[in-house]
Amino acid sequence: MKRVQVLRTVIGLVAVTWMLLSYGLAPDADAVVDDRFGQIRTTLIALGVTFPVAVAAFVTAARPPHRRLFLRRVGKPAGALLALVATLAVPRLITGLGYVDEDTDWTASAGRVALLLALGAFLLWLAPFALYGIAQSLVHVFRTADLHETVPPLLATLLVWEVALFDVFRGTYDGVPFGVWVVFTAGAPLSVTAVAMWELRRLRTRHGITLRGALLR
């Protein structure tokens, strides 16, 4: 399943990069990277909002004794979400303290030079962990398999359709031919949904794991 998920992601990135460059929505590679990071930011925001609601609905729908079991398991997924939010918030907090802005004169004093070196070293150390954490969080949907194996595909499906709606309302792909717009707007949610349904089918047929069984319905 992981190989299929990674392959789908790679194909999607290549296709979106081609579309952005071909239709002039992104003038260069830097703009493509900015666009993808913007998409990741939107996804994380949507996940941050959806995660507690979806998990609460899942736990509430379960019957005892599974409800108590799932409540005990919520800590790890919630911890993963909070850890990533805290990691991504560090650079914002640094700039928000007022010590650093676009007009900062780093040569004004020895202390400023030392601060620049310290911040640069810290952010270089932090960046690999943040990027790896983002990738793993999106692939594993914030360790929600620790809650139950059926939660990641269900949550991923809900999340990707939310992001697709955001793209529609924001006019993300405005300016491309209608057919291309339909393919790229619907392609991601449909492909993620197909992979998620396949994962749920494999859980049912190979391991006897079902949503109804998890909820004792």
# chains A, B, ... in the order shown; residues from 1 in each chain; ligands from 1
call {"tool": "residues_around", "arguments": {"residues": "Ala164 of chain A", "least_positions_apart": "3", "cutoff": "9 Å", "atoms": "only C-alpha atoms", "output": "MDAnalysis selection string"}}
result
chainID A and resid 159:161 167:169 185:186 188:189
call {"tool": "write_last_selection", "arguments": {"atoms": "C-alpha atoms", "output": "PDB file, in the first residue's frame"}}
result
ATOM      1  CA  LEU A 159      -9.261  15.472   3.793  1.00  0.00           C
ATOM      2  CA  VAL A 160      -8.483  15.348   0.074  1.00  0.00           C
ATOM      3  CA  TRP A 161     -12.054  16.283  -0.866  1.00  0.00           C
ATOM      4  CA  ASP A 167      -8.943  24.819  -4.498  1.00  0.00           C
ATOM      5  CA  VAL A 168     -12.244  25.365  -6.293  1.00  0.00           C
ATOM      6  CA  PHE A 169     -13.261  28.322  -4.112  1.00  0.00           C
ATOM      7  CA  THR A 185      -9.315  19.419  -9.645  1.00  0.00           C
ATOM      8  CA  ALA A 186     -10.941  15.986  -9.485  1.00  0.00           C
ATOM      9  CA  ALA A 188      -6.321  14.077  -6.732  1.00  0.00           C
ATOM     10  CA  PRO A 189      -9.458  13.335  -4.681  1.00  0.00           C
TER      11      PRO A 189
END
call {"tool": "residues_around", "arguments": {"residues": "segment 211-214 of chain A", "least_positions_apart": "3", "cutoff": "9 Å", "atoms": "only C-alpha atoms", "output": "list in words"}}
result
Ala62, Arg63, His66, His148, Glu149, Thr150, Val151, Leu200, Arg204, Gly208 and Arg217 of chain A
call {"tool": "write_last_selection", "arguments": {"atoms": "C-alpha atoms", "output": "PDB file, in the first residue's frame"}}
result
ATOM      1  CA  ALA A  62     -18.113   3.180  18.592  1.00  0.00           C
ATOM      2  CA  ARG A  63     -19.888   1.086  21.180  1.00  0.00           C
ATOM      3  CA  HIS A  66     -14.238  -0.132  21.988  1.00  0.00           C
ATOM      4  CA  HIS A 148      -7.686   1.885  14.214  1.00  0.00           C
ATOM      5  CA  GLU A 149      -6.479   0.588  10.870  1.00  0.00           C
ATOM      6  CA  THR A 150      -9.552   1.862   9.009  1.00  0.00           C
ATOM      7  CA  VAL A 151      -9.145   5.480  10.144  1.00  0.00           C
ATOM      8  CA  LEU A 200     -10.136  -0.822   3.090  1.00  0.00           C
ATOM      9  CA  ARG A 204     -11.412  -6.631   5.010  1.00  0.00           C
ATOM     10  CA  GLY A 208     -10.926  -9.357   8.503  1.00  0.00           C
ATOM     11  CA  ARG A 217     -22.065  -2.106  14.756  1.00  0.00           C
TER      12      ARG A 217
END
